[in-house]
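J.: For reference, this is data_15.txt, and it has compact mmCIF, C-alpha atoms.
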```txt
# COMPACT_ATOMS: atom_id res chain seq x y z
CA MET A 1 146.28 -165.78 122.20
CA THR A 2 145.85 -167.14 125.73
CA GLU A 3 144.42 -164.66 128.22
CA VAL A 4 146.91 -164.01 131.00
CA PRO A 5 145.50 -163.49 134.52
CA LEU A 6 145.85 -159.96 135.88
CA ILE A 7 147.81 -161.22 138.91
CA TRP A 8 150.50 -162.63 136.60
CA GLN A 9 150.70 -159.35 134.72
CA LEU A 10 151.15 -157.45 137.98
CA ALA A 11 153.78 -159.94 139.14
CA LYS A 12 155.61 -159.54 135.84
CA LEU A 13 155.54 -155.75 136.21
CA LEU A 14 156.78 -155.74 139.81
CA VAL A 15 159.45 -158.41 139.33
CA SER A 16 160.83 -156.84 136.15
CA ILE A 17 161.07 -153.34 137.61
CA GLY A 18 162.28 -154.62 140.99
CA LEU A 19 165.12 -156.73 139.58
CA VAL A 20 166.51 -154.05 137.29
CA LEU A 21 166.23 -151.30 139.92
CA GLY A 22 167.43 -153.52 142.78
CA LEU A 23 170.53 -154.88 141.07
CA GLY A 24 171.26 -151.46 139.60
CA ALA A 25 171.12 -149.91 143.07
CA VAL A 26 173.54 -152.54 144.38
CA ALA A 27 175.90 -151.74 141.51
CA VAL A 28 175.74 -148.03 142.38
CA ARG A 29 176.38 -148.49 146.10
CA VAL A 30 178.95 -151.29 146.22
CA SER A 31 181.81 -151.27 143.70
CA PRO A 32 182.64 -151.28 140.00
CA ARG A 33 183.70 -154.93 140.31
CA VAL A 34 180.27 -155.91 141.63
CA ALA A 35 178.68 -153.69 138.98
CA GLY A 36 180.55 -155.61 136.31
CA LEU A 37 179.47 -158.92 137.81
CA LEU A 38 175.82 -157.88 137.92
CA ALA A 39 175.97 -156.54 134.35
CA GLY A 40 176.58 -160.09 133.18
CA TYR A 41 173.48 -161.47 134.86
CA PRO A 42 170.90 -162.92 132.44
CA LEU A 43 168.07 -160.72 133.72
CA GLY A 44 166.09 -160.17 130.52
CA THR A 45 166.46 -163.75 129.30
CA ALA A 46 165.62 -165.12 132.75
CA LEU A 47 162.47 -163.01 133.06
CA ALA A 48 161.32 -163.76 129.52
CA LEU A 49 161.78 -167.53 129.78
CA PHE A 50 160.28 -167.70 133.29
CA PHE A 51 157.10 -165.85 132.34
CA ILE A 52 156.81 -167.75 129.05
CA GLY A 53 156.87 -170.93 131.13
CA LEU A 54 154.39 -169.53 133.63
CA GLU A 55 151.93 -168.19 131.08
CA ILE A 56 152.17 -170.98 128.48
CA SER A 57 153.93 -174.08 129.85
CA PRO A 58 157.32 -175.26 131.15
CA LEU A 59 157.60 -177.48 128.06
CA PHE A 60 157.17 -174.53 125.70
CA ALA A 61 159.70 -172.53 127.73
CA THR A 62 162.16 -175.45 127.51
CA GLN A 63 161.74 -175.63 123.74
CA SER A 64 162.15 -171.87 123.53
CA ALA A 65 165.30 -171.96 125.68
CA VAL A 66 166.94 -174.35 123.20
CA HIS A 67 166.37 -171.79 120.45
CA THR A 68 167.50 -168.98 122.77
CA LEU A 69 170.96 -170.57 122.76
CA ALA A 70 171.18 -169.91 119.02
CA GLY A 71 169.23 -166.66 119.36
CA PHE A 72 172.17 -165.00 121.09
CA THR A 73 173.75 -164.94 117.62
CA ALA A 74 170.98 -162.52 116.57
CA THR A 75 171.79 -160.43 119.64
CA LEU A 76 175.43 -160.27 118.54
CA ALA A 77 174.21 -159.18 115.11
CA LEU A 78 172.21 -156.40 116.78
CA GLY A 79 175.41 -155.12 118.36
CA GLY A 80 177.19 -155.25 115.02
CA GLY A 81 174.39 -153.39 113.26
CA TYR A 82 174.34 -150.74 115.98
CA LEU A 83 178.11 -150.31 115.74
CA LEU A 84 178.02 -149.86 111.96
CA CYS A 85 175.07 -147.45 111.88
CA GLY A 86 175.47 -145.56 115.15
CA ARG A 87 178.79 -143.84 114.56
CA GLN A 88 177.51 -140.31 115.18
CA ASP A 89 177.23 -138.71 118.59
CA GLY A 90 173.94 -137.44 119.95
CA LEU A 91 170.36 -138.40 119.18
CA THR A 92 171.02 -138.97 115.48
CA GLY A 93 173.60 -141.62 116.26
CA VAL A 94 171.32 -143.29 118.82
CA LEU A 95 168.42 -143.48 116.35
CA THR A 96 170.49 -144.72 113.40
CA GLY A 97 172.26 -147.20 115.68
CA CYS A 98 168.94 -148.57 116.92
CA ALA A 99 167.60 -148.83 113.37
CA GLY A 100 170.69 -150.67 112.14
CA GLY A 101 170.83 -152.94 115.17
CA LEU A 102 167.16 -153.91 115.01
CA ALA A 103 167.37 -154.54 111.26
CA ALA A 104 170.34 -156.86 111.78
CA TRP A 105 168.52 -158.65 114.62
CA PHE A 106 165.41 -159.25 112.53
CA VAL A 107 167.39 -160.57 109.56
CA VAL A 108 169.55 -162.97 111.57
CA GLY A 109 166.66 -163.95 113.85
CA GLY A 110 164.52 -164.73 110.79
CA VAL A 111 167.23 -166.96 109.36
CA LEU A 112 167.77 -168.78 112.67
CA SER A 113 164.03 -169.41 113.09
CA GLN A 114 164.07 -171.55 109.94
CA PHE A 115 166.26 -174.21 111.57
CA GLU A 116 165.69 -176.76 114.32
CA PHE A 117 168.37 -176.53 116.97
CA THR A 118 169.49 -178.84 119.74
CA ARG A 119 171.27 -177.71 122.89
CA VAL A 120 174.60 -178.65 121.29
CA SER A 121 174.02 -177.04 117.88
CA GLY A 122 172.44 -173.91 119.40
CA THR A 123 175.40 -173.43 121.72
CA LEU A 124 177.95 -174.12 118.99
CA ILE A 125 176.51 -171.59 116.55
CA THR A 126 176.67 -168.86 119.21
CA LEU A 127 180.21 -169.86 120.21
CA VAL A 128 181.26 -169.54 116.57
CA ALA A 129 179.50 -166.15 116.40
CA ILE A 130 181.33 -165.02 119.56
CA ILE A 131 184.68 -165.87 117.95
CA VAL A 132 183.76 -164.15 114.68
CA PHE A 133 182.47 -160.95 116.29
CA THR A 134 185.38 -160.78 118.74
CA TRP A 135 187.75 -160.94 115.76
CA LEU A 136 185.76 -158.33 113.82
CA TYR A 137 185.84 -155.96 116.80
CA ARG A 138 189.58 -156.35 117.44
CA ARG A 139 190.40 -152.91 115.99
CA VAL A 140 187.59 -151.02 117.76
CA PRO A 141 189.40 -148.54 120.03
CA GLU A 142 189.03 -148.72 123.80
CA VAL A 143 187.40 -145.64 125.32
CA ARG A 144 186.93 -145.30 129.06
CA VAL A 145 184.63 -142.77 130.70
CA ASN A 146 183.43 -142.15 134.23
CA ALA A 147 179.88 -143.13 133.31
CA SER A 148 178.31 -142.31 136.66
CA GLY A 149 175.23 -140.96 134.88
CA VAL A 150 174.49 -144.43 133.52
CA PHE A 151 173.90 -145.61 137.09
CA SER A 152 171.96 -142.56 138.31
CA TRP A 153 168.46 -143.11 139.63
CA SER A 154 166.88 -141.43 136.60
CA ALA A 155 168.91 -143.64 134.26
CA LEU A 156 168.03 -146.74 136.27
CA ALA A 157 164.35 -145.80 136.13
CA PHE A 158 164.58 -145.43 132.35
CA ARG A 159 166.34 -148.77 132.02
CA ALA A 160 163.79 -150.48 134.27
CA GLY A 161 160.85 -148.98 132.38
CA LEU A 162 162.19 -149.83 128.93
CA ALA A 163 163.28 -153.33 130.00
CA THR A 164 159.85 -154.01 131.52
CA LEU A 165 158.10 -152.82 128.36
CA MET A 166 160.25 -155.16 126.26
CA ILE A 167 159.57 -158.09 128.61
CA PHE A 168 155.81 -157.51 128.20
CA ILE A 169 156.16 -157.37 124.41
CA ILE A 170 158.31 -160.53 124.27
CA THR A 171 156.03 -162.60 126.51
CA ALA A 172 152.92 -161.37 124.68
CA LEU A 173 154.39 -162.35 121.31
CA ALA A 174 155.37 -165.77 122.71
CA HIS A 175 151.65 -166.63 122.79
CA VAL A 176 151.29 -166.25 119.03
CA VAL A 177 154.67 -167.29 117.58
CA PRO A 178 156.40 -170.70 117.40
CA ALA A 179 158.91 -171.75 120.04
CA ALA A 180 161.76 -170.91 117.64
CA TRP A 181 160.79 -167.23 117.52
CA ALA A 182 159.87 -167.14 121.22
CA GLY A 183 163.38 -168.38 122.02
CA THR A 184 164.97 -165.82 119.73
CA LEU A 185 162.90 -163.07 121.36
CA ALA A 186 164.01 -164.26 124.82
CA ALA A 187 167.61 -163.65 123.73
CA PHE A 188 166.87 -159.97 122.98
CA PRO A 189 169.15 -157.72 125.13
CA VAL A 190 166.40 -156.04 127.15
CA THR A 191 168.77 -154.73 129.84
CA MET A 192 171.91 -154.17 127.76
CA LEU A 193 170.21 -152.11 125.03
CA PRO A 194 168.82 -149.40 127.37
CA PHE A 195 172.28 -149.18 129.00
CA LEU A 196 173.82 -148.74 125.54
CA LEU A 197 171.31 -146.02 124.61
CA ILE A 198 171.99 -144.01 127.78
CA LEU A 199 175.75 -144.37 127.38
CA HIS A 200 175.63 -143.30 123.73
CA ALA A 201 173.32 -140.35 124.37
CA SER A 202 175.36 -139.15 127.36
CA TYR A 203 178.96 -139.76 126.27
CA GLY A 204 178.94 -140.33 122.51
CA ALA A 205 179.43 -143.20 120.10
CA ALA A 206 182.94 -144.23 121.18
CA PRO A 207 182.06 -145.53 124.69
CA ALA A 208 179.02 -147.34 123.23
CA ALA A 209 181.33 -149.00 120.70
CA THR A 210 183.58 -150.14 123.56
CA VAL A 211 180.61 -151.82 125.28
CA ILE A 212 179.66 -153.57 122.04
CA LYS A 213 183.27 -154.67 121.54
CA HIS A 214 183.32 -156.52 124.87
CA TYR A 215 179.75 -157.84 124.73
CA PRO A 216 180.56 -161.12 122.88
CA MET A 217 182.92 -162.31 125.63
CA GLY A 218 180.25 -161.58 128.22
CA LEU A 219 177.75 -164.05 126.78
CA GLY A 220 179.13 -166.99 128.78
CA ALA A 221 176.78 -166.36 131.71
CA LEU A 222 173.76 -166.15 129.39
CA LEU A 223 174.69 -169.39 127.65
CA SER A 224 175.28 -171.11 131.01
CA TYR A 225 171.95 -169.92 132.39
CA THR A 226 169.97 -170.88 129.30
CA LEU A 227 171.54 -174.33 129.07
CA CYS A 228 170.72 -174.95 132.73
CA VAL A 229 167.05 -173.93 132.53
CA SER A 230 166.56 -175.91 129.32
CA LEU A 231 167.55 -178.99 131.33
CA THR A 232 165.79 -178.19 134.62
CA TYR A 233 162.47 -176.44 133.84
CA GLU A 234 160.55 -179.63 133.17
CA PRO A 235 161.93 -181.99 135.84
CA TRP A 236 162.41 -179.40 138.60
CA GLY A 237 159.80 -176.76 137.83
CA LEU A 238 160.18 -173.09 136.93
CA ALA A 239 161.22 -171.76 140.35
CA ALA A 240 163.89 -174.36 141.08
CA GLY A 241 165.10 -174.29 137.48
CA THR A 242 165.47 -170.51 137.58
CA LEU A 243 167.43 -170.64 140.85
CA ALA A 244 169.69 -173.34 139.43
CA GLY A 245 170.24 -171.23 136.33
CA PHE A 246 171.26 -168.19 138.38
CA ALA A 247 173.60 -170.37 140.46
CA VAL A 248 175.32 -171.67 137.32
CA ALA A 249 175.52 -168.16 135.82
CA THR A 250 177.04 -166.83 139.06
CA LEU A 251 179.67 -169.57 139.12
CA TRP A 252 180.57 -168.81 135.51
CA LEU A 253 180.80 -165.06 136.16
CA VAL A 254 182.97 -165.46 139.25
CA GLY A 255 185.24 -167.89 137.42
CA TRP A 256 185.49 -165.64 134.37
CA MET A 257 186.33 -162.58 136.48
CA ARG A 258 189.07 -164.53 138.25
CA VAL A 259 190.52 -165.62 134.91
CA GLN A 260 190.49 -161.99 133.74
CA GLN A 261 192.21 -160.86 136.96
CA TRP A 262 194.83 -163.61 136.62
CA TRP A 263 195.51 -162.60 133.02
CA ALA A 264 195.79 -158.91 133.95
CA ASN A 265 198.24 -159.71 136.78
CA ARG A 266 200.26 -161.93 134.45
CA ARG A 267 200.59 -159.17 131.86
CA LEU A 268 201.70 -156.71 134.51
CA ALA A 269 204.32 -159.18 135.76
CA VAL A 270 205.87 -159.64 132.30
```
Mind turning this structure into structure tokens?

T.:
Amino acid sequence: MTEVPLIWQLAKLLVSIGLVLGLGAVAVRVSPRVAGLLAGYPLGTALALFFIGLEISPLFATQSAVHTLAGFTATLALGGGYLLCGRQDGLTGVLTGCAGGLAAWFVVGGVLSQFEFTRVSGTLITLVAIIVFTWLYRRVPEVRVNASGVFSWSALAFRAGLATLMIFIITALAHVVPAAWAGTLAAFPVTMLPFLLILHASYGAAPAATVIKHYPMGLGALLSYTLCVSLTYEPWGLAAGTLAGFAVATLWLVGWMRVQQWWANRRLAV
């Protein structure tokens, strides 16, 4: 395993905590619409791929990003496993949901790591998975809560701490695993999972199930970001590639939110 300079470790710590806390604070202070937009940002994937490129090489990060495109299928499986096993309220439901979700992620991730993916095939397999999981979740009931506690400072601190820990684990493992597994690890939902845990613990299994139900349709920004950095990391460098990825993800999110608003207005007009 390559020894990582202390300055990079400190940078990873500060950037990871700062991004989660900073964007979370904006979501708290601005509006639910902005909160929804920021929730779709590829924070965990962006941090993981950036630091993999910084600590190992842009080429390895590019190869990993190609497998990340398919790795989002394992993330969808994690949501499905959590939904199946985490049907109880309280701590028991949180623990069984985590166990089921992680088991599903490991199984699907292990299968995916056996194949060589291209940008096209990696994207297509996740698009198929999005369609399948969206169909499977069609009967999951919609539950709305005023989840202000999810965006409290204590909850944000928990999310930032857990997300940072997972980023450190993912980037450490990237030094000792092939690019296929590094890419699958980069797709792990390091910011969504803590949010899900807080929501489940605070409000029960039903609101958590609602989040999981809508998660597949929110993967567009992650796919857009990952496709962009897989094309730009080598020719443009990590910094410019990351900025380009966030620009593409932002455009996708704004466009998707406008489509959703148009569809909602159309249904009201009928």

J.: Counting only C-alpha atoms, find the residues whose atoms lie at most 8 Å from (174.6, -166.9, 129.3) (file coordinates) and write them out as a PyMOL selection string.

T.: chain A and resi 41-42+218-226+249

J.: Find the residues around stretch 243-245 of chain A up to 12 Å (only C-alpha atoms counted), leave out those fewer than 5 positions away in its own chain, and share them as an NGL selection string.

T.: :A and (41-43 or 45-47 or 49-50 or 65 or 221-233 or 236-238 or 250-252)

J.: Write the residues you've just listed into a file as a short mmCIF file (atom, residue, chain, number, x, y, z; two decimals), keeping the file's coordinate frame, and include C-alpha atoms for each of them.

T.:
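Listing of again.cif after writing:
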```
data_model
loop_
_atom_site.label_atom_id
_atom_site.label_comp_id
_atom_site.auth_asym_id
_atom_site.auth_seq_id
_atom_site.Cartn_x
_atom_site.Cartn_y
_atom_site.Cartn_z
CA TYR A 41 173.48 -161.47 134.86
CA PRO A 42 170.90 -162.92 132.44
CA LEU A 43 168.07 -160.72 133.72
CA THR A 45 166.46 -163.75 129.30
CA ALA A 46 165.62 -165.12 132.75
CA LEU A 47 162.47 -163.01 133.06
CA LEU A 49 161.78 -167.53 129.78
CA PHE A 50 160.28 -167.70 133.29
CA ALA A 65 165.30 -171.96 125.68
CA ALA A 221 176.78 -166.36 131.71
CA LEU A 222 173.76 -166.15 129.39
CA LEU A 223 174.69 -169.39 127.65
CA SER A 224 175.28 -171.11 131.01
CA TYR A 225 171.95 -169.92 132.39
CA THR A 226 169.97 -170.88 129.30
CA LEU A 227 171.54 -174.33 129.07
CA CYS A 228 170.72 -174.95 132.73
CA VAL A 229 167.05 -173.93 132.53
CA SER A 230 166.56 -175.91 129.32
CA LEU A 231 167.55 -178.99 131.33
CA THR A 232 165.79 -178.19 134.62
CA TYR A 233 162.47 -176.44 133.84
CA TRP A 236 162.41 -179.40 138.60
CA GLY A 237 159.80 -176.76 137.83
CA LEU A 238 160.18 -173.09 136.93
CA THR A 250 177.04 -166.83 139.06
CA LEU A 251 179.67 -169.57 139.12
CA TRP A 252 180.57 -168.81 135.51
#
```

J.: Using all atoms listed in the file, which of A:Leu162, A:Val107, A:Leu83, A:Leu185 sits nearest A:Val211?

T.: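 Distance minimum relative to A:Val211 lands on A:Leu83.
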
J.: Could you tell me how far atom CA of A:Met192 sits from atom CA of A:Ala103, in Å to one decimal place?

T.: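 Atom CA of A:Ala103 sits 17.1 Å away from atom CA of A:Met192.
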
J.: Please compute the atom CA of A:Gly71-atom CA of A:Phe117 distance, one decimal, in Å.

T.: 10.2 Å

J.: Have a look at atom CA of A:Trp153 and atom CA of A:Leu196 and let me know their distance in Å, one decimal.

T.: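 Computing it gives 16.1 Å between the two atoms.
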
J.: Which residue is closest to A:Phe195? Choose from A:Tyr137, A:Phe158, A:Phe246, A:Phe106 and count only C-alpha atoms.

T.: A:Phe158

J.: Between A:Leu199, A:Ile56, A:Leu76, A:Val15, which is the closest to A:Asp89 once you count all atoms listed in the file?

T.: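 For A:Asp89, the nearest of the candidates is A:Leu199.
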
J.: Which residues are near A:His214? Cut-off 10 Å, only C-alpha atoms, ignore same chain within fewer than 6 positions. Put them as a ChimeraX atom specification.

T.: /A:133-134,137-138,140,142

J.: For A:Ala70, which residue out of A:Ala201, A:Leu95, A:Leu165, A:Leu127 is the nearest one, using all atoms listed in the file?

T.: A:Leu127

J.: Quick one: of A:Ile212, A:Val108, A:Ala186, A:Ile7, who's nearest to A:Ala172, counting only C-alpha atoms?

T.: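 Under the stated criterion, the closest residue is A:Ala186.
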
J.: Nearest to A:Ile167 among A:Ala77, A:Ala269, A:Leu14, A:Leu124, with distances taken over only C-alpha atoms: which residue is it?

T.: A:Leu14
